[in-house]
>>> print(open('start.cif').read())   # mmCIF, C-alpha atoms
data_data
loop_
_atom_site.label_atom_id
_atom_site.label_comp_id
_atom_site.auth_asym_id
_atom_site.auth_seq_id
_atom_site.Cartn_x
_atom_site.Cartn_y
_atom_site.Cartn_z
CA ASP A 1 88.61 93.16 125.38
CA VAL A 2 90.16 91.88 122.15
CA SER A 3 93.76 90.87 121.55
CA ALA A 4 94.96 89.07 118.43
CA LYS A 5 98.34 88.55 120.08
CA ALA A 6 96.96 86.87 123.22
CA GLY A 7 93.90 85.38 121.54
CA THR A 8 91.56 87.18 123.94
CA GLY A 9 87.93 87.67 122.89
CA LEU A 10 88.37 86.48 119.31
CA ASP A 11 85.57 83.88 119.45
CA ASP A 12 83.12 86.51 120.69
CA LEU A 13 84.27 88.93 118.01
CA LEU A 14 83.80 86.36 115.23
CA ASP A 15 80.36 85.38 116.55
CA THR A 16 79.32 89.04 116.62
CA LEU A 17 80.53 89.59 113.06
CA LEU A 18 78.58 86.57 111.83
CA VAL A 19 75.40 87.70 113.60
CA VAL A 20 75.68 91.26 112.21
CA ALA A 21 76.40 89.98 108.70
CA GLU A 22 73.35 87.73 108.86
CA LEU A 23 71.05 90.46 110.22
CA GLU A 24 72.27 93.00 107.65
CA GLU A 25 72.20 90.36 104.88
CA LEU A 26 75.77 91.26 103.90
CA GLU A 27 76.88 89.15 100.96
CA ALA A 28 79.66 89.16 98.37
CA ASN A 29 79.41 87.97 94.78
CA PRO A 30 81.82 85.05 94.27
CA ASP A 31 81.25 85.02 90.49
CA ALA A 32 82.57 88.52 89.75
CA GLU A 33 86.14 89.42 88.84
CA ALA A 34 88.16 89.17 92.05
CA SER A 35 89.10 92.29 93.98
CA GLY A 36 90.36 92.99 97.46
CA VAL A 37 92.99 94.81 99.46
CA VAL A 38 96.69 94.33 100.28
CA ILE A 39 97.04 93.54 103.99
CA GLU A 40 100.85 93.39 103.94
CA SER A 41 103.69 92.74 101.50
CA ARG A 42 107.32 91.73 101.73
CA LEU A 43 110.26 90.65 99.58
CA ASP A 44 111.22 87.02 100.21
CA PRO A 45 114.79 86.04 99.15
CA GLY A 46 113.61 82.72 97.72
CA ARG A 47 110.10 83.49 96.47
CA GLY A 48 110.29 87.14 95.47
CA PRO A 49 107.44 89.56 96.28
CA VAL A 50 104.95 87.94 98.69
CA VAL A 51 101.68 89.87 98.99
CA SER A 52 99.04 89.10 101.63
CA VAL A 53 95.66 89.81 100.04
CA LEU A 54 92.18 89.81 101.58
CA VAL A 55 89.68 88.89 98.86
CA GLN A 56 86.57 91.05 99.24
CA ARG A 57 84.67 90.24 96.05
CA GLY A 58 84.80 87.53 93.39
CA THR A 59 87.03 84.45 93.34
CA LEU A 60 90.80 84.76 92.95
CA ARG A 61 92.39 81.84 91.09
CA VAL A 62 95.90 80.71 90.23
CA GLY A 63 96.75 82.10 86.78
CA ASP A 64 94.69 85.29 87.16
CA THR A 65 96.27 88.56 86.03
CA LEU A 66 96.01 91.34 88.59
CA PHE A 67 97.41 94.67 89.70
CA ALA A 68 97.77 96.48 93.02
CA GLY A 69 98.84 100.11 93.08
CA SER A 70 101.92 100.51 90.88
CA GLU A 71 102.63 96.76 90.66
CA SER A 72 101.14 94.09 88.41
CA GLY A 73 101.58 90.36 87.97
CA ARG A 74 100.04 86.96 87.46
CA VAL A 75 99.06 84.68 90.34
CA ARG A 76 101.75 81.99 90.34
CA ALA A 77 100.70 80.41 93.64
CA MET A 78 98.50 81.11 96.66
CA ILE A 79 98.98 80.03 100.29
CA ASP A 80 96.14 80.16 102.80
CA HIS A 81 96.31 81.11 106.51
CA LEU A 82 97.20 77.50 107.40
CA GLY A 83 100.24 77.49 105.12
CA GLU A 84 98.59 75.22 102.54
CA ARG A 85 98.64 75.87 98.81
CA VAL A 86 95.21 76.62 97.34
CA ASP A 87 93.96 77.06 93.79
CA GLU A 88 91.27 79.62 94.55
CA ALA A 89 90.29 82.14 97.23
CA LEU A 90 86.68 83.16 97.90
CA PRO A 91 85.38 86.44 99.38
CA GLY A 92 86.66 86.79 102.94
CA ASP A 93 89.68 84.55 102.38
CA PRO A 94 93.14 85.90 103.26
CA VAL A 95 95.89 84.46 101.04
CA GLU A 96 99.55 85.06 100.29
CA VAL A 97 99.93 85.69 96.56
CA LEU A 98 103.14 84.96 94.64
CA GLY A 99 103.72 86.41 91.19
CA PHE A 100 103.74 90.19 91.57
CA SER A 101 106.46 92.12 89.73
CA GLY A 102 107.20 94.21 92.81
CA VAL A 103 106.07 94.94 96.35
CA PRO A 104 102.83 96.97 96.49
CA GLY A 105 102.10 99.13 99.50
CA ALA A 106 99.88 97.94 102.33
CA GLY A 107 96.29 99.10 101.81
CA GLU A 108 96.47 99.16 98.01
CA HIS A 109 93.39 97.96 96.13
CA VAL A 110 93.85 94.67 94.26
CA ARG A 111 91.87 93.86 91.12
CA VAL A 112 91.89 91.08 88.53
CA VAL A 113 91.99 92.26 84.91
CA GLU A 114 91.75 90.63 81.50
CA ASN A 115 95.42 90.34 80.52
CA ASP A 116 99.01 91.32 81.33
CA ARG A 117 98.95 94.38 79.07
CA GLU A 118 95.90 95.82 80.83
CA ALA A 119 97.43 95.14 84.26
CA ARG A 120 100.69 96.89 83.32
CA ARG A 121 98.76 99.84 81.85
CA LEU A 122 96.66 100.35 84.99
CA ALA A 123 99.70 99.96 87.26
CA GLN A 124 101.61 102.53 85.19
CA GLU A 125 98.67 104.94 85.32
CA HIS A 126 98.55 104.59 89.10
CA ASP A 127 102.31 105.21 89.34
CA THR A 128 102.09 108.29 87.10
CA ARG A 129 99.12 109.65 89.05
CA THR A 130 100.88 109.11 92.38
CA LYS A 131 103.99 110.94 91.19
CA ALA A 132 101.91 113.80 89.77
CA GLU A 133 100.06 114.16 93.08
CA ALA A 134 103.37 114.25 94.97
CA ILE A 135 104.68 116.98 92.66
CA ALA A 136 101.43 118.94 93.07
CA ARG A 137 101.65 118.72 96.85
CA ARG A 138 105.23 119.99 96.78
CA SER A 139 104.40 122.82 94.37
CA GLY A 140 101.56 123.93 96.63
CA ARG A 141 103.91 124.62 99.50
CA LYS A 142 105.24 128.10 100.09
CA LYS A 143 108.76 126.73 100.47
CA SER A 144 110.50 124.18 98.29
CA PHE A 145 112.80 121.50 99.63
CA GLN A 146 115.70 123.46 98.17
CA ASP A 147 114.64 126.51 100.20
CA VAL A 148 114.44 124.44 103.35
CA PHE A 149 117.90 122.97 102.71
CA ALA A 150 119.34 126.43 102.08
CA GLU A 151 117.83 127.79 105.29
CA ALA A 152 119.06 124.76 107.22
CA ARG A 153 122.60 125.31 105.97
CA GLU A 154 122.49 129.02 106.75
CA ALA A 155 121.25 128.33 110.26
CA ASP A 156 123.92 125.69 110.77
CA ILE A 157 121.30 123.02 111.44
CA PRO A 158 122.81 119.56 110.81
CA GLU A 159 121.14 117.53 108.09
CA LEU A 160 120.70 113.77 108.45
CA GLN A 161 119.97 111.86 105.26
CA LEU A 162 118.41 108.43 105.74
CA ILE A 163 117.86 105.32 103.64
CA ILE A 164 115.14 103.09 105.12
CA LYS A 165 114.86 99.37 104.39
CA ALA A 166 112.43 97.05 106.19
CA ASP A 167 111.08 93.53 105.92
CA VAL A 168 107.49 94.52 105.07
CA ALA A 169 105.76 97.54 103.51
CA GLY A 170 103.86 98.33 106.70
CA SER A 171 107.09 98.74 108.65
CA VAL A 172 108.46 101.15 106.03
CA GLU A 173 105.31 103.27 106.28
CA ALA A 174 105.41 103.22 110.10
CA LEU A 175 109.07 104.28 110.20
CA ASP A 176 108.43 106.97 107.60
CA ASP A 177 105.53 108.42 109.61
CA GLU A 178 107.40 108.37 112.93
CA ILE A 179 110.47 110.06 111.47
CA ALA A 180 108.25 112.73 109.88
CA ARG A 181 106.92 113.56 113.36
CA LEU A 182 110.40 114.23 114.77
CA PRO A 183 111.15 117.88 115.58
CA GLN A 184 113.27 119.41 112.82
CA ASP A 185 114.62 122.38 114.76
CA GLU A 186 117.94 120.82 115.83
CA VAL A 187 118.50 118.23 113.08
CA PHE A 188 116.85 118.22 109.66
CA VAL A 189 115.96 114.62 108.67
CA ASP A 190 115.63 113.81 104.97
CA ILE A 191 114.61 110.30 103.82
CA ILE A 192 116.20 110.00 100.39
CA SER A 193 115.18 106.38 99.73
CA ARG A 194 112.83 103.78 101.21
CA GLY A 195 112.13 100.20 100.23
CA VAL A 196 111.26 96.63 101.19
CA GLY A 197 113.87 93.87 101.33
CA ALA A 198 117.46 93.29 102.33
CA ILE A 199 120.10 96.05 102.27
CA THR A 200 121.81 95.75 98.89
CA GLU A 201 125.05 97.02 97.37
CA SER A 202 123.12 99.73 95.49
CA ASP A 203 121.77 101.01 98.83
CA VAL A 204 125.33 101.25 100.16
CA MET A 205 126.51 103.02 97.00
CA LEU A 206 123.66 105.54 97.29
CA ALA A 207 124.49 106.11 100.96
CA SER A 208 128.17 106.58 100.16
CA ALA A 209 127.46 109.05 97.37
CA SER A 210 125.00 111.13 99.41
CA GLY A 211 126.54 110.81 102.86
CA ALA A 212 123.43 109.05 104.15
CA VAL A 213 122.85 106.57 106.97
CA ILE A 214 121.14 103.25 106.22
CA MET A 215 118.53 102.18 108.74
CA GLY A 216 117.33 98.59 108.46
CA PHE A 217 114.40 97.07 110.36
CA ASN A 218 114.31 93.25 110.50
CA VAL A 219 116.62 93.07 107.44
CA ARG A 220 120.33 92.38 106.98
CA PRO A 221 122.91 93.33 104.34
CA VAL A 222 123.34 90.80 101.53
CA GLY A 223 126.27 89.88 99.32
CA SER A 224 129.00 92.51 99.15
CA ALA A 225 126.80 95.15 100.84
#
>>> encode(input="start.cif", output="structure tokens")
Amino acid sequence: DVSAKAGTGLDDLLDTLLVVAELEELEANPDAEASGVVIESRLDPGRGPVVSVLVQRGTLRVGDTLFAGSESGRVRAMIDHLGERVDEALPGDPVEVLGFSGVPGAGEHVRVVENDREARRLAQEHDTRTKAEAIARRSGRKKSFQDVFAEAREADIPELQLIIKADVAGSVEALDDEIARLPQDEVFVDIISRGVGAITESDVMLASASGAVIMGFNVRPVGSA
């Protein structure tokens, strides 16, 4: 049995991982350009986007330029799992990275590149590709969203428009997936906006204009919102 929450079986798990890694001669190159994966990300009111990164290859250093999904940035600071500031992170190290321009999604691949221009270009390409794939998926369906809306109105099925805001990207994804699984025969649920961070005045304005409901998870309204 293993439980990160209760701390059960973690020592045995770590010992097993070390033994398997040694037997399989699993190694990472610390001298390559750093790359890894986003474990989680959130928007901190005081520090901006905070991205938890697991370094899988190379050495990540303060000052490196990197991108993850549709977001790019430069490493302004790194905090290790003990809450201490560090100047570099080796393969296998989990660190919180400050300096991203936005909040990348959990699971996005992180990679260090040569300069800011290259990072922005790759992030923009990823964003464009993601949008094109979404359009292609919609165009491949037999019914468009407009058709569904029209049928819903004709059948007198109430439509609930939602705006989702959560503290971390993983929570947004979880809420999105759960809502998508809800039966749509009695109420049609449409998520018109989703994001990480506090509920802002622009969220309220969008909700007011579209007749939507704002659902916040572990976040609160800020300012005049």
>>> resolve_selection(input="start.cif", expression="the PyMOL selection byres ((chain A and resi 47-56) around 8)", output="number ranges by chain")
A: 28, 34-46, 57-60, 89-104, 110
>>> atom_distance(input="start.cif", atom1="CA of Glu114 in chain A", atom2="CA of Asn29 in chain A")
18.3 Å
>>> resolve_selection(input="start.cif", expression="the PyMOL selection byres ((chain A and resi 195) around 6)", output="number ranges by chain")
A: 165, 194, 196
>>> atom_distance(input="start.cif", atom1="CA of Ile164 in chain A", atom2="CA of Ile179 in chain A")
10.5 Å
>>> residues_around(input="start.cif", residues="range 212-223 of chain A", least_positions_apart="5", cutoff="7 Å", atoms="all atoms listed in the file", output="PDB file with C-alpha atoms, keeping the file's coordinate frame")
ATOM      1  CA  LEU A 160     120.700 113.770 108.450  1.00  0.00           C
ATOM      2  CA  GLN A 161     119.970 111.860 105.260  1.00  0.00           C
ATOM      3  CA  LEU A 162     118.410 108.430 105.740  1.00  0.00           C
ATOM      4  CA  ILE A 163     117.860 105.320 103.640  1.00  0.00           C
ATOM      5  CA  ILE A 164     115.140 103.090 105.120  1.00  0.00           C
ATOM      6  CA  LYS A 165     114.860  99.370 104.390  1.00  0.00           C
ATOM      7  CA  ALA A 166     112.430  97.050 106.190  1.00  0.00           C
ATOM      8  CA  ASP A 167     111.080  93.530 105.920  1.00  0.00           C
ATOM      9  CA  GLY A 197     113.870  93.870 101.330  1.00  0.00           C
ATOM     10  CA  ALA A 198     117.460  93.290 102.330  1.00  0.00           C
ATOM     11  CA  ILE A 199     120.100  96.050 102.270  1.00  0.00           C
ATOM     12  CA  THR A 200     121.810  95.750  98.890  1.00  0.00           C
ATOM     13  CA  ALA A 207     124.490 106.110 100.960  1.00  0.00           C
TER      14      ALA A 207
END
>>> atom_distance(input="start.cif", atom1="CA of Gly69 in chain A", atom2="CA of His126 in chain A")
6.0 Å
